[in-house]
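Shown below: model-v6.cif, with mmCIF, C-alpha atoms and all ligand atoms.
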```
data_run
loop_
_atom_site.group_PDB
_atom_site.id
_atom_site.type_symbol
_atom_site.label_atom_id
_atom_site.label_comp_id
_atom_site.auth_asym_id
_atom_site.auth_seq_id
_atom_site.Cartn_x
_atom_site.Cartn_y
_atom_site.Cartn_z
ATOM 1 C CA MET A 1 0.000 0.000 0.000
ATOM 2 C CA ALA A 2 1.401 3.383 -1.058
ATOM 3 C CA GLN A 3 2.497 6.083 1.350
ATOM 4 C CA ILE A 4 0.583 9.302 0.851
ATOM 5 C CA LEU A 5 2.435 12.341 -0.471
ATOM 6 C CA ASN A 6 0.526 14.674 1.802
ATOM 7 C CA GLY A 7 0.057 17.980 0.009
ATOM 8 C CA LYS A 8 -1.624 19.499 3.037
ATOM 9 C CA GLU A 9 1.384 19.017 5.298
ATOM 10 C CA LEU A 10 4.038 19.662 2.669
ATOM 11 C CA ALA A 11 2.331 22.839 1.425
ATOM 12 C CA GLN A 12 1.966 24.029 5.023
ATOM 13 C CA SER A 13 5.700 23.654 5.539
ATOM 14 C CA VAL A 14 6.410 25.617 2.329
ATOM 15 C CA ARG A 15 3.957 28.322 3.437
ATOM 16 C CA ASN A 16 5.626 28.504 6.842
ATOM 17 C CA ASP A 17 9.014 28.886 5.177
ATOM 18 C CA VAL A 18 7.743 31.685 2.933
ATOM 19 C CA ALA A 19 6.005 33.417 5.855
ATOM 20 C CA ALA A 20 9.324 33.380 7.746
ATOM 21 C CA GLU A 21 11.127 34.781 4.678
ATOM 22 C CA VAL A 22 8.537 37.536 4.317
ATOM 23 C CA GLN A 23 8.835 38.362 8.023
ATOM 24 C CA ALA A 24 12.640 38.602 7.800
ATOM 25 C CA TRP A 25 12.244 40.721 4.659
ATOM 26 C CA THR A 26 9.901 43.239 6.232
ATOM 27 C CA ASP A 27 11.927 43.226 9.488
ATOM 28 C CA SER A 28 14.873 44.386 7.389
ATOM 29 C CA GLY A 29 12.876 47.454 6.364
ATOM 30 C CA GLN A 30 11.560 46.289 2.978
ATOM 31 C CA ARG A 31 7.884 46.605 2.053
ATOM 32 C CA PRO A 32 5.938 43.315 1.856
ATOM 33 C CA PRO A 33 6.038 41.464 -1.481
ATOM 34 C CA CYS A 34 3.135 42.621 -3.651
ATOM 35 C CA LEU A 35 1.051 40.264 -5.830
ATOM 36 C CA ARG A 36 -1.708 41.339 -8.189
ATOM 37 C CA VAL A 37 -4.034 38.669 -9.577
ATOM 38 C CA VAL A 38 -6.168 39.462 -12.623
ATOM 39 C CA LEU A 39 -9.434 37.523 -12.880
ATOM 40 C CA ILE A 40 -11.699 37.840 -15.897
ATOM 41 C CA GLY A 41 -15.337 36.710 -15.713
ATOM 42 C CA SER A 42 -16.827 34.289 -13.223
ATOM 43 C CA ASN A 43 -15.598 30.779 -14.040
ATOM 44 C CA PRO A 44 -16.345 28.915 -10.759
ATOM 45 C CA ALA A 45 -13.096 26.907 -10.823
ATOM 46 C CA SER A 46 -11.040 30.069 -11.477
ATOM 47 C CA GLU A 47 -12.910 31.900 -8.692
ATOM 48 C CA ALA A 48 -12.064 29.078 -6.296
ATOM 49 C CA TYR A 49 -8.373 29.000 -7.308
ATOM 50 C CA VAL A 50 -8.041 32.756 -6.986
ATOM 51 C CA ARG A 51 -9.710 32.811 -3.548
ATOM 52 C CA GLY A 52 -7.267 30.128 -2.413
ATOM 53 C CA LYS A 53 -4.238 31.971 -3.792
ATOM 54 C CA GLU A 54 -5.302 35.214 -2.152
ATOM 55 C CA LYS A 55 -5.904 33.556 1.232
ATOM 56 C CA ASP A 56 -2.502 31.818 1.177
ATOM 57 C CA ALA A 57 -0.732 35.014 0.116
ATOM 58 C CA ARG A 58 -2.277 37.117 2.864
ATOM 59 C CA GLU A 59 -1.514 34.508 5.521
ATOM 60 C CA ALA A 60 2.135 34.568 4.432
ATOM 61 C CA GLY A 61 2.239 38.368 4.829
ATOM 62 C CA ILE A 62 2.159 39.097 1.094
ATOM 63 C CA ASP A 63 0.192 42.135 -0.068
ATOM 64 C CA SER A 64 -2.284 40.450 -2.423
ATOM 65 C CA GLU A 65 -5.253 41.839 -4.319
ATOM 66 C CA THR A 66 -7.428 40.486 -7.092
ATOM 67 C CA LEU A 67 -8.425 42.821 -9.929
ATOM 68 C CA ARG A 68 -11.715 41.608 -11.383
ATOM 69 C CA PHE A 69 -13.100 42.394 -14.824
ATOM 70 C CA ASP A 70 -16.246 41.341 -16.711
ATOM 71 C CA ASP A 71 -15.767 38.686 -19.352
ATOM 72 C CA ASP A 72 -16.594 41.190 -22.102
ATOM 73 C CA ILE A 73 -13.391 43.147 -21.443
ATOM 74 C CA SER A 74 -11.539 43.687 -24.733
ATOM 75 C CA GLU A 75 -8.092 42.249 -25.314
ATOM 76 C CA ALA A 76 -6.755 45.793 -25.715
ATOM 77 C CA ASP A 77 -8.172 46.838 -22.346
ATOM 78 C CA LEU A 78 -6.741 43.747 -20.653
ATOM 79 C CA LEU A 79 -3.347 44.464 -22.219
ATOM 80 C CA GLY A 80 -3.687 47.980 -20.796
ATOM 81 C CA VAL A 81 -4.247 46.515 -17.310
ATOM 82 C CA VAL A 82 -1.155 44.320 -17.687
ATOM 83 C CA ASP A 83 0.868 47.297 -18.868
ATOM 84 C CA ARG A 84 -0.153 49.376 -15.839
ATOM 85 C CA LEU A 85 0.897 46.544 -13.510
ATOM 86 C CA ASN A 86 4.166 46.114 -15.439
ATOM 87 C CA THR A 87 5.101 49.758 -14.954
ATOM 88 C CA ASP A 88 3.853 50.102 -11.361
ATOM 89 C CA PRO A 89 7.026 49.899 -9.226
ATOM 90 C CA SER A 90 5.016 48.827 -6.151
ATOM 91 C CA VAL A 91 3.925 45.571 -7.883
ATOM 92 C CA ASP A 92 6.301 42.596 -7.710
ATOM 93 C CA GLY A 93 4.217 39.761 -9.151
ATOM 94 C CA ILE A 94 1.459 39.600 -11.780
ATOM 95 C CA LEU A 95 -0.767 36.569 -12.311
ATOM 96 C CA VAL A 96 -3.475 36.523 -14.975
ATOM 97 C CA GLN A 97 -5.762 33.619 -14.156
ATOM 98 C CA LEU A 98 -6.369 31.253 -17.069
ATOM 99 C CA PRO A 99 -8.427 30.314 -19.017
ATOM 100 C CA LEU A 100 -9.312 33.658 -20.590
ATOM 101 C CA PRO A 101 -12.545 34.236 -22.567
ATOM 102 C CA ASP A 102 -12.456 32.960 -26.166
ATOM 103 C CA HIS A 103 -12.146 36.436 -27.708
ATOM 104 C CA ILE A 104 -8.852 37.023 -25.888
ATOM 105 C CA ASP A 105 -5.646 35.355 -27.010
ATOM 106 C CA ASP A 106 -3.976 33.808 -23.934
ATOM 107 C CA ARG A 107 -0.591 33.966 -25.624
ATOM 108 C CA SER A 108 -0.748 37.710 -26.329
ATOM 109 C CA VAL A 109 -1.591 38.409 -22.706
ATOM 110 C CA ILE A 110 1.098 36.128 -21.252
ATOM 111 C CA ASP A 111 3.683 37.562 -23.655
ATOM 112 C CA ALA A 112 2.784 41.076 -22.471
ATOM 113 C CA ILE A 113 3.614 40.373 -18.803
ATOM 114 C CA ASP A 114 7.022 41.685 -17.715
ATOM 115 C CA PRO A 115 9.128 38.497 -17.376
ATOM 116 C CA GLU A 116 10.553 39.976 -14.135
ATOM 117 C CA LYS A 117 7.013 39.990 -12.662
ATOM 118 C CA ASP A 118 5.794 36.732 -14.226
ATOM 119 C CA VAL A 119 5.288 34.721 -11.021
ATOM 120 C CA ASP A 120 3.398 32.034 -13.016
ATOM 121 C CA GLY A 121 6.567 31.429 -15.080
ATOM 122 C CA PHE A 122 4.458 31.179 -18.254
ATOM 123 C CA HIS A 123 6.288 33.873 -20.274
ATOM 124 C CA PRO A 124 8.410 32.405 -23.113
ATOM 125 C CA GLU A 125 11.532 33.989 -21.628
ATOM 126 C CA ASN A 126 10.977 32.210 -18.314
ATOM 127 C CA LEU A 127 10.102 28.890 -19.980
ATOM 128 C CA GLY A 128 13.211 29.261 -22.140
ATOM 129 C CA ARG A 129 15.361 29.966 -19.106
ATOM 130 C CA LEU A 130 14.001 26.830 -17.453
ATOM 131 C CA LEU A 131 14.797 24.786 -20.562
ATOM 132 C CA ILE A 132 18.450 25.886 -20.597
ATOM 133 C CA GLY A 133 18.870 25.204 -16.883
ATOM 134 C CA ALA A 134 18.975 28.868 -15.805
ATOM 135 C CA PRO A 135 15.495 29.251 -14.332
ATOM 136 C CA SER A 136 14.119 32.420 -12.791
ATOM 137 C CA PHE A 137 10.377 31.821 -12.277
ATOM 138 C CA ILE A 138 9.378 28.150 -12.474
ATOM 139 C CA PRO A 139 5.672 27.395 -13.150
ATOM 140 C CA ALA A 140 4.091 26.628 -9.791
ATOM 141 C CA THR A 141 2.712 23.155 -10.490
ATOM 142 C CA PRO A 142 5.960 21.581 -11.794
ATOM 143 C CA PHE A 143 7.865 23.477 -9.079
ATOM 144 C CA GLY A 144 5.464 22.126 -6.463
ATOM 145 C CA ILE A 145 5.785 18.545 -7.704
ATOM 146 C CA VAL A 146 9.576 18.653 -7.462
ATOM 147 C CA GLU A 147 9.396 20.315 -4.039
ATOM 148 C CA MET A 148 7.090 17.510 -2.840
ATOM 149 C CA LEU A 149 9.582 14.873 -3.975
ATOM 150 C CA LYS A 150 12.522 16.722 -2.396
ATOM 151 C CA ARG A 151 10.791 17.297 0.940
ATOM 152 C CA SER A 152 9.735 13.647 1.042
ATOM 153 C CA LYS A 153 13.339 12.594 0.334
ATOM 154 C CA ILE A 154 12.353 10.611 -2.735
ATOM 155 C CA GLU A 155 15.513 9.804 -4.696
ATOM 156 C CA THR A 156 15.082 10.862 -8.344
ATOM 157 C CA GLU A 157 18.610 10.222 -9.631
ATOM 158 C CA GLY A 158 18.379 8.084 -12.774
ATOM 159 C CA MET A 159 14.645 7.568 -12.372
ATOM 160 C CA ARG A 160 12.512 6.862 -15.399
ATOM 161 C CA ALA A 161 9.850 9.587 -15.344
ATOM 162 C CA VAL A 162 6.772 9.422 -17.551
ATOM 163 C CA ILE A 163 4.577 12.504 -17.828
ATOM 164 C CA VAL A 164 1.134 12.097 -19.355
ATOM 165 C CA GLY A 165 0.128 15.494 -20.746
ATOM 166 C CA ARG A 166 2.095 18.032 -22.796
ATOM 167 C CA SER A 167 0.618 21.376 -21.697
ATOM 168 C CA ASN A 168 2.729 24.513 -21.565
ATOM 169 C CA ILE A 169 1.901 24.999 -17.888
ATOM 170 C CA VAL A 170 2.521 21.470 -16.572
ATOM 171 C CA GLY A 171 3.826 18.748 -18.909
ATOM 172 C CA LYS A 172 6.471 20.670 -20.848
ATOM 173 C CA PRO A 173 7.980 22.667 -17.964
ATOM 174 C CA LEU A 174 7.918 19.586 -15.715
ATOM 175 C CA ALA A 175 9.853 17.642 -18.364
ATOM 176 C CA ALA A 176 12.491 20.396 -18.412
ATOM 177 C CA LEU A 177 12.675 20.480 -14.624
ATOM 178 C CA LEU A 178 13.008 16.708 -14.180
ATOM 179 C CA MET A 179 15.864 16.646 -16.720
ATOM 180 C CA GLN A 180 17.877 19.175 -14.734
ATOM 181 C CA ARG A 181 21.114 18.194 -13.092
ATOM 182 C CA ASP A 182 19.809 18.252 -9.541
ATOM 183 C CA ILE A 183 16.995 15.812 -10.444
ATOM 184 C CA ASN A 184 18.548 13.675 -13.203
ATOM 185 C CA ALA A 185 15.452 11.770 -14.289
ATOM 186 C CA THR A 186 15.094 10.250 -17.750
ATOM 187 C CA VAL A 187 11.921 11.801 -19.093
ATOM 188 C CA THR A 188 9.226 10.616 -21.497
ATOM 189 C CA VAL A 189 6.290 12.881 -22.349
ATOM 190 C CA CYS A 190 3.109 11.128 -23.509
ATOM 191 C CA HIS A 191 -0.026 12.774 -24.882
ATOM 192 C CA SER A 192 -3.369 12.080 -26.525
ATOM 193 C CA ARG A 193 -1.748 10.708 -29.709
ATOM 194 C CA THR A 194 0.744 8.413 -27.967
ATOM 195 C CA ARG A 195 0.459 4.844 -29.218
ATOM 196 C CA ASN A 196 0.101 2.165 -26.559
ATOM 197 C CA LEU A 197 0.151 4.598 -23.668
ATOM 198 C CA ALA A 198 0.103 1.830 -21.049
ATOM 199 C CA ALA A 199 3.364 0.385 -22.403
ATOM 200 C CA HIS A 200 5.010 3.716 -21.503
ATOM 201 C CA THR A 201 3.309 4.298 -18.164
ATOM 202 C CA ARG A 202 4.153 0.759 -16.981
ATOM 203 C CA GLU A 203 7.852 1.593 -17.363
ATOM 204 C CA ALA A 204 7.599 4.633 -15.098
ATOM 205 C CA ASP A 205 9.382 4.856 -11.752
ATOM 206 C CA LEU A 206 7.785 8.283 -11.500
ATOM 207 C CA LEU A 207 4.407 8.654 -13.193
ATOM 208 C CA VAL A 208 2.803 12.089 -13.463
ATOM 209 C CA ALA A 209 -0.727 12.443 -14.834
ATOM 210 C CA ALA A 210 -1.816 15.857 -16.138
ATOM 211 C CA VAL A 211 -4.521 15.113 -18.680
ATOM 212 C CA GLY A 212 -7.717 16.442 -17.108
ATOM 213 C CA ARG A 213 -9.721 13.218 -17.334
ATOM 214 C CA ALA A 214 -11.069 11.661 -14.144
ATOM 215 C CA ASN A 215 -9.595 8.272 -13.175
ATOM 216 C CA PHE A 216 -7.794 8.013 -16.537
ATOM 217 C CA ILE A 217 -4.775 6.131 -15.157
ATOM 218 C CA THR A 218 -5.775 2.738 -13.792
ATOM 219 C CA ALA A 219 -3.799 0.208 -11.742
ATOM 220 C CA ASP A 220 -2.946 -1.970 -14.756
ATOM 221 C CA MET A 221 -1.036 1.010 -16.230
ATOM 222 C CA VAL A 222 1.238 1.407 -13.197
ATOM 223 C CA LYS A 223 4.459 -0.363 -12.278
ATOM 224 C CA GLU A 224 4.737 -1.965 -8.831
ATOM 225 C CA GLY A 225 6.494 0.488 -6.494
ATOM 226 C CA ALA A 226 6.106 3.572 -8.717
ATOM 227 C CA VAL A 227 5.838 7.097 -7.348
ATOM 228 C CA VAL A 228 2.538 8.419 -8.717
ATOM 229 C CA VAL A 229 1.704 12.118 -8.920
ATOM 230 C CA ASP A 230 -1.786 13.294 -9.829
ATOM 231 C CA VAL A 231 -2.142 16.800 -11.267
ATOM 232 C CA GLY A 232 -5.783 16.404 -12.322
ATOM 233 C CA ILE A 233 -8.579 18.263 -10.593
ATOM 234 C CA ASN A 234 -11.790 17.066 -12.260
ATOM 235 C CA ARG A 235 -15.358 17.726 -11.190
ATOM 236 C CA VAL A 236 -17.390 14.513 -11.202
ATOM 237 C CA ASP A 237 -21.191 14.581 -10.733
ATOM 238 C CA ASP A 238 -22.120 13.298 -7.285
ATOM 239 C CA GLU A 239 -25.693 13.808 -6.080
ATOM 240 C CA SER A 240 -24.743 12.810 -2.539
ATOM 241 C CA ARG A 241 -22.629 15.972 -2.171
ATOM 242 C CA ASP A 242 -24.122 19.367 -1.316
ATOM 243 C CA LYS A 243 -22.442 20.944 -4.324
ATOM 244 C CA GLY A 244 -23.628 18.133 -6.622
ATOM 245 C CA TYR A 245 -20.064 17.178 -7.536
ATOM 246 C CA ARG A 246 -16.863 15.858 -6.017
ATOM 247 C CA LEU A 247 -13.250 16.310 -7.090
ATOM 248 C CA ALA A 248 -11.402 13.421 -8.714
ATOM 249 C CA GLY A 249 -7.865 13.268 -10.030
ATOM 250 C CA ASP A 250 -6.582 11.751 -13.270
ATOM 251 C CA ILE A 251 -5.458 8.699 -11.293
ATOM 252 C CA ASP A 252 -7.793 5.938 -10.104
ATOM 253 C CA PHE A 253 -6.604 6.467 -6.531
ATOM 254 C CA GLU A 254 -8.161 3.412 -4.874
ATOM 255 C CA GLY A 255 -6.776 0.986 -7.442
ATOM 256 C CA VAL A 256 -3.368 2.592 -7.964
ATOM 257 C CA ARG A 257 -2.551 3.048 -4.269
ATOM 258 C CA GLU A 258 -2.340 -0.759 -3.979
ATOM 259 C CA LYS A 259 0.607 -0.789 -6.400
ATOM 260 C CA ALA A 260 2.418 2.506 -5.948
ATOM 261 C CA SER A 261 5.078 3.233 -3.318
ATOM 262 C CA TRP A 262 3.964 6.866 -3.025
ATOM 263 C CA ILE A 263 0.832 8.582 -4.302
ATOM 264 C CA THR A 264 -0.685 12.081 -4.165
ATOM 265 C CA PRO A 265 -4.371 12.369 -3.221
ATOM 266 C CA VAL A 266 -6.916 14.689 -4.884
ATOM 267 C CA PRO A 267 -7.853 16.932 -3.219
ATOM 268 C CA GLY A 268 -5.017 17.493 -0.751
ATOM 269 C CA GLY A 269 -2.122 16.831 -3.096
ATOM 270 C CA VAL A 270 -0.456 18.788 -5.883
ATOM 271 C CA GLY A 271 -3.059 21.597 -5.944
ATOM 272 C CA LEU A 272 -2.023 22.892 -2.531
ATOM 273 C CA MET A 273 1.643 22.746 -3.543
ATOM 274 C CA THR A 274 0.865 24.821 -6.649
ATOM 275 C CA ARG A 275 -0.630 27.521 -4.442
ATOM 276 C CA ALA A 276 2.320 27.413 -2.054
ATOM 277 C CA MET A 277 4.949 27.715 -4.792
ATOM 278 C CA LEU A 278 3.252 30.846 -6.129
ATOM 279 C CA LEU A 279 4.087 32.434 -2.767
ATOM 280 C CA LYS A 280 7.711 31.404 -3.143
ATOM 281 C CA ASN A 281 7.824 32.931 -6.635
ATOM 282 C CA THR A 282 6.272 36.145 -5.323
ATOM 283 C CA MET A 283 8.849 36.400 -2.517
ATOM 284 C CA ASN A 284 11.588 35.826 -5.112
ATOM 285 C CA ALA A 285 10.086 38.529 -7.358
ATOM 286 C CA ALA A 286 10.257 41.019 -4.489
ATOM 287 C CA ARG A 287 13.928 40.175 -3.916
ATOM 288 C CA ARG A 288 14.756 40.652 -7.591
ATOM 289 C CA HIS A 289 13.091 44.055 -7.690
ATOM 290 C CA ALA A 290 14.918 45.255 -4.602
ATOM 291 C CA ASP A 291 18.335 44.303 -6.016
HETATM 292 N N1 LIG A 301 -5.365 28.152 -14.404
HETATM 293 C C1 LIG A 301 -5.179 26.906 -13.935
HETATM 294 N N2 LIG A 301 -3.990 26.815 -13.310
HETATM 295 C C2 LIG A 301 -3.424 28.029 -13.390
HETATM 296 C C3 LIG A 301 -2.185 28.574 -12.923
HETATM 297 O O1 LIG A 301 -1.352 27.911 -12.303
HETATM 298 N N3 LIG A 301 -1.981 29.888 -13.190
HETATM 299 C C4 LIG A 301 -2.870 30.639 -13.870
HETATM 300 N N4 LIG A 301 -2.569 31.903 -14.109
HETATM 301 N N5 LIG A 301 -4.019 30.172 -14.323
HETATM 302 C C5 LIG A 301 -4.281 28.874 -14.080
#
```

Starting from the coordinates I provided, produce the structure as structure tokens.
Ligand code: GUN
Amino acid sequence: MAQILNGKELAQSVRNDVAAEVQAWTDSGQRPPCLRVVLIGSNPASEAYVRGKEKDAREAGIDSETLRFDDDISEADLLGVVDRLNTDPSVDGILVQLPLPDHIDDRSVIDAIDPEKDVDGFHPENLGRLLIGAPSFIPATPFGIVEMLKRSKIETEGMRAVIVGRSNIVGKPLAALLMQRDINATVTVCHSRTRNLAAHTREADLLVAAVGRANFITADMVKEGAVVVDVGINRVDDESRDKGYRLAGDIDFEGVREKASWITPVPGGVGLMTRAMLLKNTMNAARRHAD
């Protein structure tokens, strides 16, 4: 039976570390790190993420505010908002919550964020820096996954890592991160067109699922003793719950936990680490701007 990679405890320890850093920072006479989150429209999942990010940031002593706009905001107006935040010297970190409405091009907005304030690490300059092994801001989910492994003392040297999902915010940056010299995994990235997916996943010492389909990875696809990391947060209809749904990961938790050596639950796994690493990036942004 797998040990649980407890996101609740691990994220709490990251948050405590950041809170102590922020305290030392302000004790030394600096202003608190300043994060501005931009939220367009009223997507319930985005609302929930942003509330969580804001709560964590405030508890860590970070000055955090969410700027909200209707979903009919024009791309030009949103770019104007980003530009104001870019040029405002009191702002350290900018996060534009995704997804954006269909009439706005995500790429144009991400590209417009000052790479020095891009605490999501989604700007091409920051992704490029990660790829060449000179990272500045690392996207929070991949960063959080690696932090979980490190804090749990899971040895990654020479590991065969298989990532299912090739998104720009999880799969691709995680592949770059796991290849780095302090991790030294051998990385395979699978996606929706991969032939015989299970043949790949069964080879994985470290299996990461980031596909957005509930219970997609089943026990027969997992090697005995694998470390299994679930990035999925899927809403599944459940009439027995007040909200009418429950959250399920991309991993069939009950089946896979019988085979894995370590496994992340959903909820209470990677999601909390993602939130915590945003705080770390925001603290780092404040340091860079003070230099
Ligand atoms: N939407 C889902 N995850 C994320 C994230 O990590 N950052 C942003 N900006 N939007 C998201």

- Task: Apply the PyMOL selection byres (((chain A and resi 37) around 8) and not hetatm) to the file shown and report the selected residues as a count of residues only.
- Result: 13

- Message: Measuring between only C-alpha atoms, which one of A:Arg181, A:Lys280, A:His103, A:Arg241 shows the shortest distance to A:Ile73?
- Response: A:His103

With a cut-off of 10 Å, could you pull out the residues of chain A touching ligand LIG 301 (chain A) and give me the nearest pair of atoms for each, distance in Å to one decimal, using all atoms listed in the file, ordered by chain and ascending number, as a Markdown table?
```
| residue | atom | partner | partner_atom | distance |
| --- | --- | --- | --- | --- |
| A:Val37 | CA | A:LIG301 | N4 | 8.3 |
| A:Val38 | CA | A:LIG301 | N4 | 8.5 |
| A:Leu39 | CA | A:LIG301 | N4 | 9.0 |
| A:Ala45 | CA | A:LIG301 | C1 | 8.5 |
| A:Ser46 | CA | A:LIG301 | N1 | 6.7 |
| A:Tyr49 | CA | A:LIG301 | C1 | 7.6 |
| A:Val50 | CA | A:LIG301 | N5 | 8.8 |
| A:Lys53 | CA | A:LIG301 | O1 | 9.9 |
| A:Ile94 | CA | A:LIG301 | N4 | 9.0 |
| A:Leu95 | CA | A:LIG301 | N4 | 5.3 |
| A:Val96 | CA | A:LIG301 | N4 | 4.8 |
| A:Gln97 | CA | A:LIG301 | N4 | 3.6 |
| A:Leu98 | CA | A:LIG301 | N5 | 3.8 |
| A:Pro99 | CA | A:LIG301 | N1 | 5.9 |
| A:Leu100 | CA | A:LIG301 | N5 | 8.9 |
| A:Ile110 | CA | A:LIG301 | N4 | 9.1 |
| A:Asp118 | CA | A:LIG301 | N4 | 9.7 |
| A:Val119 | CA | A:LIG301 | N4 | 8.9 |
| A:Asp120 | CA | A:LIG301 | N3 | 5.8 |
| A:Gly121 | CA | A:LIG301 | N3 | 8.9 |
| A:Phe122 | CA | A:LIG301 | N4 | 8.2 |
| A:Pro139 | CA | A:LIG301 | O1 | 7.1 |
| A:Ala140 | CA | A:LIG301 | O1 | 6.1 |
| A:Thr141 | CA | A:LIG301 | O1 | 6.5 |
| A:Pro142 | CA | A:LIG301 | O1 | 9.7 |
| A:Ile169 | CA | A:LIG301 | O1 | 7.1 |
| A:Val170 | CA | A:LIG301 | O1 | 8.6 |
| A:Ile233 | CA | A:LIG301 | C1 | 9.9 |
| A:Gly271 | CA | A:LIG301 | N2 | 9.1 |
| A:Thr274 | CA | A:LIG301 | O1 | 6.8 |
| A:Arg275 | CA | A:LIG301 | O1 | 7.9 |
| A:Met277 | CA | A:LIG301 | O1 | 9.8 |
| A:Leu278 | CA | A:LIG301 | O1 | 8.2 |
```

- For A:Val189, which residue out of A:Ala219, A:Val164, A:Ala134, A:Ala209 is the nearest one, using only C-alpha atoms?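 Among the listed residues, A:Val164 lies closest to A:Val189.
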
- Task: Could you give me, as number ranges by chain, the residues that sit within 10 Å of (9.8, 30.6, -21.0) in the file's coordinates, counting only C-alpha atoms?
- Result: A: 111, 115, 118, 121-132, 135-139, 168, 173

- Return as a list of chain:residue names the set of residues that the PyMOL selection byres (((chain A and resi 5-20) around 8) and not hetatm) yields on the displayed structure.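 Checking the PyMOL selection byres (((chain A and resi 5-20) around 8) and not hetatm) against this file, the residues are A:Gln3, A:Ile4, A:Glu21, A:Val22, A:Gln23, A:Ala24, A:Asp56, A:Glu59, A:Ala60, A:Gly61, A:Met148, A:Arg151, A:Ser152, A:Trp262, A:Ile263, A:Thr264, A:Pro265, A:Gly268, A:Gly269, A:Val270, A:Gly271, A:Leu272, A:Met273, A:Ala276, A:Met277, A:Leu279, A:Lys280, A:Met283.
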
- re atom CA of A:Asp220 and atom CA of A:Val146: distance 25.2 Å

- Message: List the spatial neighbours of A:Leu78 as a ChimeraX atom specification - criterion: any atom at most 9 Å away, all atoms listed in the file, same-chain residues fewer than 5 positions off excluded.
- Response: /A:69,73,83,104,109

- Query: Which of these, A:Pro44, A:Gly232, A:Gly225, A:Gly158, has the shortest distance to A:Asp252 once you count all atoms listed in the file?
  - Reply: A:Gly232

- Just so the selection is clear, what residues does the PyMOL selection byres (((chain A and resi 190) around 12) and not hetatm) cover here, as an MDAnalysis selection string? chainID A and resid 161:167 171:172 175 187:189 191:201 204 207:211

Selection file, C-alpha atoms, as a short mmCIF file (atom, residue, chain, number, x, y, z; two decimals), keeping the file's coordinate frame:
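Written out: again11.cif:
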```cif
data_model
loop_
_atom_site.label_atom_id
_atom_site.label_comp_id
_atom_site.auth_asym_id
_atom_site.auth_seq_id
_atom_site.Cartn_x
_atom_site.Cartn_y
_atom_site.Cartn_z
CA ALA A 161 9.85 9.59 -15.34
CA VAL A 162 6.77 9.42 -17.55
CA ILE A 163 4.58 12.50 -17.83
CA VAL A 164 1.13 12.10 -19.36
CA GLY A 165 0.13 15.49 -20.75
CA ARG A 166 2.10 18.03 -22.80
CA SER A 167 0.62 21.38 -21.70
CA GLY A 171 3.83 18.75 -18.91
CA LYS A 172 6.47 20.67 -20.85
CA ALA A 175 9.85 17.64 -18.36
CA VAL A 187 11.92 11.80 -19.09
CA THR A 188 9.23 10.62 -21.50
CA VAL A 189 6.29 12.88 -22.35
CA HIS A 191 -0.03 12.77 -24.88
CA SER A 192 -3.37 12.08 -26.52
CA ARG A 193 -1.75 10.71 -29.71
CA THR A 194 0.74 8.41 -27.97
CA ARG A 195 0.46 4.84 -29.22
CA ASN A 196 0.10 2.16 -26.56
CA LEU A 197 0.15 4.60 -23.67
CA ALA A 198 0.10 1.83 -21.05
CA ALA A 199 3.36 0.38 -22.40
CA HIS A 200 5.01 3.72 -21.50
CA THR A 201 3.31 4.30 -18.16
CA ALA A 204 7.60 4.63 -15.10
CA LEU A 207 4.41 8.65 -13.19
CA VAL A 208 2.80 12.09 -13.46
CA ALA A 209 -0.73 12.44 -14.83
CA ALA A 210 -1.82 15.86 -16.14
CA VAL A 211 -4.52 15.11 -18.68
#
```

- Rounded to one decimal in Å, what is the spacing between atom CA of A:Asn86 and atom CA of A:Leu174?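 Interatomic distance here is 26.8 Å.
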